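I have placed the structure first, in the form of structure tokens, so that the comments after it can refer back to it.
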Amino acid sequence: MERTLAIIKPDAVERGVTGKILAKIEGDGLKIVAIKMLHMSKGEAEGFYMVHAKRPFFESLTIYMSSLPVIVAVLEGEKAIKKWRDLMGATNPKDASAGTIRKEFAIDIERNSVHGSDSPESASYEIPYFFSNIEIFF
């Protein structure tokens with residue numbers, strides 16, 4: 001079984017679509033093995049997105065991600081990373097396929113409702129950023 005991190009971003013939490021997103025996750029055969037709501041500080045958002053520190057969108061991304069609460073979750077399943085990324089859809093909702101979360105719920109390329117680890121290496125950094133081992137159920 002593989003694990004990945006999922007974040008339901010501030011725009012989706014603010015609009016009250018977290019339940020619909022969680023239902024899509026479970027409906028796609030992914031198991032939620034840890035979940036919580038938190039409000040990242042700007043510094044915590046910068047630490048999490050450090051891989052993008054030199055990118056032009058880093059400042060606006062970290063301001064946005066620390067603007068309101070988010071839902072963070074650990075998802076588990078066969079090929080969980082690919083399955084979750086396919087369910088999320090393209091980063092730009094204009095390019096996302098019908099039925100994906102970003103096509104249905106995203107506002108724009110930055111406020112695109114969800115985040116997911118893009119590789120096993122990313123997941124191994126991202127999951128412990130938000131969860132200790134005792135918070136993840138097996």
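Chain labels run A, B, ... following the order of the structure tokens; each chain numbers its residues from 1, and ligands are numbered from 1 in the order shown.
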Residues flagged helix (DSSP H, G or I) by DSSP in region 18-64 of chain A, as a compact mmCIF listing (two decimals) with N, CA, C and O atoms, in the first residue's frame:
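That gives us selection_31.txt:
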# COMPACT_ATOMS: atom_id res chain seq x y z
N THR A 18 -15.68 20.69 1.45
CA THR A 18 -14.78 19.64 1.95
C THR A 18 -15.46 18.27 1.98
O THR A 18 -14.84 17.27 1.63
N GLY A 19 -16.71 18.22 2.40
CA GLY A 19 -17.42 16.94 2.44
C GLY A 19 -17.54 16.30 1.07
O GLY A 19 -17.37 15.09 0.92
N LYS A 20 -17.81 17.11 0.06
CA LYS A 20 -17.91 16.59 -1.31
C LYS A 20 -16.56 16.06 -1.79
O LYS A 20 -16.49 15.02 -2.45
N ILE A 21 -15.49 16.77 -1.45
CA ILE A 21 -14.15 16.32 -1.85
C ILE A 21 -13.78 15.04 -1.12
O ILE A 21 -13.28 14.08 -1.73
N LEU A 22 -14.05 14.97 0.17
CA LEU A 22 -13.75 13.75 0.93
C LEU A 22 -14.56 12.57 0.40
O LEU A 22 -14.05 11.44 0.32
N ALA A 23 -15.80 12.80 0.01
CA ALA A 23 -16.63 11.74 -0.56
C ALA A 23 -16.03 11.23 -1.87
O ALA A 23 -16.04 10.02 -2.14
N LYS A 24 -15.50 12.13 -2.68
CA LYS A 24 -14.86 11.72 -3.94
C LYS A 24 -13.61 10.89 -3.67
O LYS A 24 -13.34 9.91 -4.36
N ILE A 25 -12.86 11.28 -2.64
CA ILE A 25 -11.65 10.53 -2.26
C ILE A 25 -12.03 9.10 -1.90
O ILE A 25 -11.48 8.13 -2.42
N GLU A 26 -12.98 8.96 -0.99
CA GLU A 26 -13.38 7.62 -0.56
C GLU A 26 -14.09 6.86 -1.69
O GLU A 26 -13.91 5.65 -1.82
N GLY A 27 -14.83 7.56 -2.51
CA GLY A 27 -15.51 6.92 -3.63
C GLY A 27 -14.56 6.40 -4.68
O GLY A 27 -14.91 5.51 -5.46
N LYS A 42 2.22 31.76 8.07
CA LYS A 42 2.96 32.05 6.83
C LYS A 42 4.27 31.27 6.82
O LYS A 42 4.65 30.68 5.81
N GLY A 43 4.95 31.22 7.96
CA GLY A 43 6.20 30.48 8.07
C GLY A 43 6.03 28.99 7.83
O GLY A 43 6.86 28.35 7.19
N GLU A 44 4.95 28.42 8.36
CA GLU A 44 4.67 26.99 8.13
C GLU A 44 4.38 26.72 6.65
O GLU A 44 4.84 25.73 6.09
N ALA A 45 3.64 27.61 6.02
CA ALA A 45 3.37 27.46 4.58
C ALA A 45 4.66 27.57 3.78
O ALA A 45 4.89 26.81 2.83
N GLU A 46 5.53 28.51 4.16
CA GLU A 46 6.81 28.65 3.47
C GLU A 46 7.67 27.40 3.64
O GLU A 46 8.31 26.94 2.68
N GLY A 47 7.67 26.83 4.83
CA GLY A 47 8.42 25.60 5.06
C GLY A 47 7.89 24.45 4.23
O GLY A 47 8.65 23.68 3.65
N PHE A 48 6.58 24.33 4.17
CA PHE A 48 5.97 23.24 3.42
C PHE A 48 6.27 23.36 1.92
O PHE A 48 6.58 22.38 1.26
N MET A 50 8.75 24.98 0.48
CA MET A 50 10.14 25.40 0.28
C MET A 50 10.68 24.97 -1.09
O MET A 50 11.48 25.68 -1.69
N VAL A 51 10.22 23.86 -1.62
CA VAL A 51 10.68 23.37 -2.92
C VAL A 51 10.37 24.40 -4.03
O VAL A 51 11.04 24.42 -5.06
N HIS A 52 9.40 25.26 -3.79
CA HIS A 52 9.02 26.28 -4.77
C HIS A 52 9.55 27.68 -4.43
O HIS A 52 9.14 28.66 -5.03
N PHE A 58 5.67 31.73 -5.39
CA PHE A 58 5.90 31.31 -4.01
C PHE A 58 5.25 32.24 -2.99
O PHE A 58 4.55 31.79 -2.08
N GLU A 59 5.44 33.53 -3.14
CA GLU A 59 4.90 34.49 -2.16
C GLU A 59 3.38 34.45 -2.13
O GLU A 59 2.77 34.33 -1.07
N SER A 60 2.75 34.52 -3.30
CA SER A 60 1.28 34.51 -3.32
C SER A 60 0.73 33.16 -2.85
O SER A 60 -0.29 33.11 -2.15
N LEU A 61 1.41 32.06 -3.17
CA LEU A 61 0.98 30.74 -2.73
C LEU A 61 1.01 30.63 -1.21
O LEU A 61 0.05 30.16 -0.59
N THR A 62 2.09 31.08 -0.60
CA THR A 62 2.21 30.94 0.86
C THR A 62 1.28 31.89 1.60
O THR A 62 0.77 31.55 2.66
N ILE A 63 1.01 33.05 1.02
CA ILE A 63 0.02 33.96 1.61
C ILE A 63 -1.36 33.30 1.55
O ILE A 63 -2.10 33.28 2.53
N TYR A 64 -1.69 32.76 0.39
CA TYR A 64 -2.98 32.09 0.20
C TYR A 64 -3.14 30.90 1.14
O TYR A 64 -4.16 30.75 1.82
Who sits within 7 Å of Gly116 (chain A), only C-alpha atoms, same chain under 6 positions skipped, as a ChimeraX atom specification: /A:4-7,84-85
Saved selection, atoms kept: N, CA and C atoms, as a CSV table (one decimal), in the first residue's frame:
chain,number,residue,atom,x,y,z
A,4,THR,N,-0.1,9.0,0.5
A,4,THR,CA,0.1,10.3,-0.1
A,4,THR,C,-0.5,11.3,0.8
A,5,LEU,N,0.0,12.6,0.7
A,5,LEU,CA,-0.7,13.6,1.4
A,5,LEU,C,-1.7,14.3,0.6
A,6,ALA,N,-2.8,14.7,1.1
A,6,ALA,CA,-3.8,15.5,0.5
A,6,ALA,C,-4.1,16.7,1.3
A,7,ILE,N,-4.2,17.8,0.6
A,7,ILE,CA,-4.6,19.0,1.3
A,7,ILE,C,-5.9,19.6,0.6
A,84,TRP,N,-4.6,9.7,-6.6
A,84,TRP,CA,-5.0,10.9,-6.0
A,84,TRP,C,-4.8,12.1,-7.0
A,85,ARG,N,-3.6,12.0,-7.7
A,85,ARG,CA,-3.3,13.1,-8.7
A,85,ARG,C,-4.3,13.0,-9.9
Pick from A:His39, A:Arg102, A:Lys31, A:Lys94 nearest to Val72 (chain A), counting only C-alpha atoms: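 Of the candidates, the smallest distance to Val72 (chain A) is held by A:His39.
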For Ile134 (chain A), the nearest of the candidates A:Ala34, A:Val13, A:Ala73, A:Met1, counting only C-alpha atoms: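 Of A:Ala34, A:Val13, A:Ala73, A:Met1, the one nearest Ile134 (chain A), counting only C-alpha atoms, is A:Ala34.
For the choices A:Val114, A:Ile109, A:Leu68, A:Val33, the atom-to-atom distance to Phe137 (chain A) is smallest for A:Val33 when using only C-alpha atoms.
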Residue contacts of Glu135 (chain A) (10 Å, only C-alpha atoms) excluding same-chain residues fewer than 2 positions away, as a PDB file with all heavy atoms, in the first residue's frame:
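Result went into result_6.pdb, see below:
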ATOM      1  N   VAL A  33      -6.432   7.634   6.281  1.00  0.00           N
ATOM      2  CA  VAL A  33      -5.848   7.032   7.482  1.00  0.00           C
ATOM      3  C   VAL A  33      -5.422   8.079   8.512  1.00  0.00           C
ATOM      4  O   VAL A  33      -5.014   7.727   9.623  1.00  0.00           O
ATOM      5  CB  VAL A  33      -4.676   6.077   7.138  1.00  0.00           C
ATOM      6  CG1 VAL A  33      -5.192   4.874   6.355  1.00  0.00           C
ATOM      7  CG2 VAL A  33      -3.564   6.786   6.392  1.00  0.00           C
ATOM      8  N   ALA A  34      -5.520   9.357   8.161  1.00  0.00           N
ATOM      9  CA  ALA A  34      -5.287  10.461   9.104  1.00  0.00           C
ATOM     10  C   ALA A  34      -5.921  11.709   8.499  1.00  0.00           C
ATOM     11  O   ALA A  34      -5.909  11.893   7.281  1.00  0.00           O
ATOM     12  CB  ALA A  34      -3.796  10.689   9.333  1.00  0.00           C
ATOM     13  N   ILE A  35      -6.489  12.562   9.364  1.00  0.00           N
ATOM     14  CA  ILE A  35      -7.127  13.774   8.872  1.00  0.00           C
ATOM     15  C   ILE A  35      -7.222  14.793  10.008  1.00  0.00           C
ATOM     16  O   ILE A  35      -7.445  14.426  11.164  1.00  0.00           O
ATOM     17  CB  ILE A  35      -8.523  13.492   8.279  1.00  0.00           C
ATOM     18  CG1 ILE A  35      -9.073  14.724   7.564  1.00  0.00           C
ATOM     19  CG2 ILE A  35      -9.466  12.930   9.316  1.00  0.00           C
ATOM     20  CD1 ILE A  35     -10.287  14.427   6.688  1.00  0.00           C
ATOM     21  N   LYS A  36      -7.033  16.068   9.671  1.00  0.00           N
ATOM     22  CA  LYS A  36      -7.234  17.140  10.638  1.00  0.00           C
ATOM     23  C   LYS A  36      -7.338  18.486   9.927  1.00  0.00           C
ATOM     24  O   LYS A  36      -6.906  18.637   8.785  1.00  0.00           O
ATOM     25  CB  LYS A  36      -6.126  17.181  11.694  1.00  0.00           C
ATOM     26  CG  LYS A  36      -4.721  17.435  11.175  1.00  0.00           C
ATOM     27  CD  LYS A  36      -3.732  17.343  12.332  1.00  0.00           C
ATOM     28  CE  LYS A  36      -2.314  17.190  11.854  1.00  0.00           C
ATOM     29  NZ  LYS A  36      -1.378  17.007  12.979  1.00  0.00           N
ATOM     30  N   VAL A  74      -3.908  12.015   5.188  1.00  0.00           N
ATOM     31  CA  VAL A  74      -3.060  10.979   4.611  1.00  0.00           C
ATOM     32  C   VAL A  74      -3.991   9.967   3.966  1.00  0.00           C
ATOM     33  O   VAL A  74      -4.914   9.464   4.606  1.00  0.00           O
ATOM     34  CB  VAL A  74      -2.175  10.296   5.670  1.00  0.00           C
ATOM     35  CG1 VAL A  74      -1.316   9.212   5.029  1.00  0.00           C
ATOM     36  CG2 VAL A  74      -1.305  11.322   6.390  1.00  0.00           C
ATOM     37  N   PHE A 130       3.017  17.293   8.664  1.00  0.00           N
ATOM     38  CA  PHE A 130       1.756  17.549   9.356  1.00  0.00           C
ATOM     39  C   PHE A 130       1.348  16.476  10.361  1.00  0.00           C
ATOM     40  O   PHE A 130       0.517  16.731  11.228  1.00  0.00           O
ATOM     41  CB  PHE A 130       0.622  17.706   8.335  1.00  0.00           C
ATOM     42  CG  PHE A 130       0.773  18.914   7.469  1.00  0.00           C
ATOM     43  CD1 PHE A 130       1.057  18.779   6.119  1.00  0.00           C
ATOM     44  CD2 PHE A 130       0.637  20.194   7.989  1.00  0.00           C
ATOM     45  CE1 PHE A 130       1.194  19.899   5.312  1.00  0.00           C
ATOM     46  CE2 PHE A 130       0.772  21.322   7.194  1.00  0.00           C
ATOM     47  CZ  PHE A 130       1.057  21.167   5.844  1.00  0.00           C
ATOM     48  N   PHE A 131       1.875  15.247  10.241  1.00  0.00           N
ATOM     49  CA  PHE A 131       1.405  14.137  11.068  1.00  0.00           C
ATOM     50  C   PHE A 131       2.564  13.386  11.713  1.00  0.00           C
ATOM     51  O   PHE A 131       3.541  13.061  11.042  1.00  0.00           O
ATOM     52  CB  PHE A 131       0.604  13.135  10.225  1.00  0.00           C
ATOM     53  CG  PHE A 131      -0.674  13.672   9.679  1.00  0.00           C
ATOM     54  CD1 PHE A 131      -0.733  14.198   8.399  1.00  0.00           C
ATOM     55  CD2 PHE A 131      -1.835  13.663  10.452  1.00  0.00           C
ATOM     56  CE1 PHE A 131      -1.925  14.710   7.881  1.00  0.00           C
ATOM     57  CE2 PHE A 131      -3.021  14.172   9.949  1.00  0.00           C
ATOM     58  CZ  PHE A 131      -3.067  14.694   8.657  1.00  0.00           C
ATOM     59  N   SER A 132       2.398  13.058  12.993  1.00  0.00           N
ATOM     60  CA  SER A 132       3.335  12.146  13.656  1.00  0.00           C
ATOM     61  C   SER A 132       2.830  10.726  13.407  1.00  0.00           C
ATOM     62  O   SER A 132       1.677  10.519  13.019  1.00  0.00           O
ATOM     63  CB  SER A 132       3.386  12.434  15.158  1.00  0.00           C
ATOM     64  OG  SER A 132       2.167  12.068  15.768  1.00  0.00           O
ATOM     65  N   ASN A 133       3.666   9.750  13.671  1.00  0.00           N
ATOM     66  CA  ASN A 133       3.273   8.357  13.456  1.00  0.00           C
ATOM     67  C   ASN A 133       2.050   7.955  14.276  1.00  0.00           C
ATOM     68  O   ASN A 133       1.247   7.139  13.834  1.00  0.00           O
ATOM     69  CB  ASN A 133       4.426   7.416  13.762  1.00  0.00           C
ATOM     70  CG  ASN A 133       5.462   7.405  12.661  1.00  0.00           C
ATOM     71  OD1 ASN A 133       5.163   7.735  11.522  1.00  0.00           O
ATOM     72  ND2 ASN A 133       6.687   7.051  12.989  1.00  0.00           N
ATOM     73  N   PHE A 137      -3.453   6.087  11.298  1.00  0.00           N
ATOM     74  CA  PHE A 137      -4.031   4.794  11.643  1.00  0.00           C
ATOM     75  C   PHE A 137      -3.774   3.788  10.527  1.00  0.00           C
ATOM     76  O   PHE A 137      -3.733   4.129   9.361  1.00  0.00           O
ATOM     77  CB  PHE A 137      -5.528   4.950  11.914  1.00  0.00           C
ATOM     78  CG  PHE A 137      -5.777   5.835  13.101  1.00  0.00           C
ATOM     79  CD1 PHE A 137      -5.977   7.186  12.932  1.00  0.00           C
ATOM     80  CD2 PHE A 137      -5.749   5.321  14.378  1.00  0.00           C
ATOM     81  CE1 PHE A 137      -6.173   8.021  14.026  1.00  0.00           C
ATOM     82  CE2 PHE A 137      -5.936   6.141  15.485  1.00  0.00           C
ATOM     83  CZ  PHE A 137      -6.145   7.490  15.302  1.00  0.00           C
ATOM     84  N   PHE A 138      -3.643   2.556  10.908  1.00  0.00           N
ATOM     85  CA  PHE A 138      -3.313   1.508   9.948  1.00  0.00           C
ATOM     86  C   PHE A 138      -4.488   0.645   9.650  1.00  0.00           C
ATOM     87  O   PHE A 138      -5.390   0.489  10.366  1.00  0.00           O
ATOM     88  CB  PHE A 138      -2.165   0.660  10.501  1.00  0.00           C
ATOM     89  CG  PHE A 138      -0.932   1.475  10.729  1.00  0.00           C
ATOM     90  CD1 PHE A 138      -0.677   2.058  11.957  1.00  0.00           C
ATOM     91  CD2 PHE A 138      -0.029   1.672   9.696  1.00  0.00           C
ATOM     92  CE1 PHE A 138       0.463   2.828  12.164  1.00  0.00           C
ATOM     93  CE2 PHE A 138       1.109   2.432   9.896  1.00  0.00           C
ATOM     94  CZ  PHE A 138       1.348   3.007  11.134  1.00  0.00           C
TER      95      PHE A 138
END
Distance query Ala106 (chain A) at most 10 Å, only C-alpha atoms, self and fewer than 2 positions along chain excluded, as JSON, numbers by chain: {"A": [9, 11, 12, 88, 91, 92, 93, 94, 96, 100, 101, 102, 103, 104, 108, 109, 110, 111, 112, 113, 114]}
Per-residue DSSP, region 45-108 of chain A, filtered to strand (DSSP E), as an MDAnalysis selection string: chainID A and resid 70:77
Between CA of Lys54 (chain A) and CA of Lys82 (chain A), distance in Å (one decimal):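 Interatomic distance, CA of Lys54 (chain A) to CA of Lys82 (chain A): 26.1 Å.
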Length of the CA of Gly29 (chain A) to CA of Gly77 (chain A) vector [Å]: 7.2 Å
Among the residues A:His115, A:Arg55, A:Arg15, A:Arg3, the one that comes closest to Leu87 (chain A) [using only C-alpha atoms]: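 Looking only at the distances to Leu87 (chain A), the closest residue turns out to be A:His115.
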Atom-to-atom span, CA of Met40 (chain A) and CA of Ser67 (chain A), Å: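 We find that CA of Met40 (chain A) and CA of Ser67 (chain A) lie 8.0 Å from each other.
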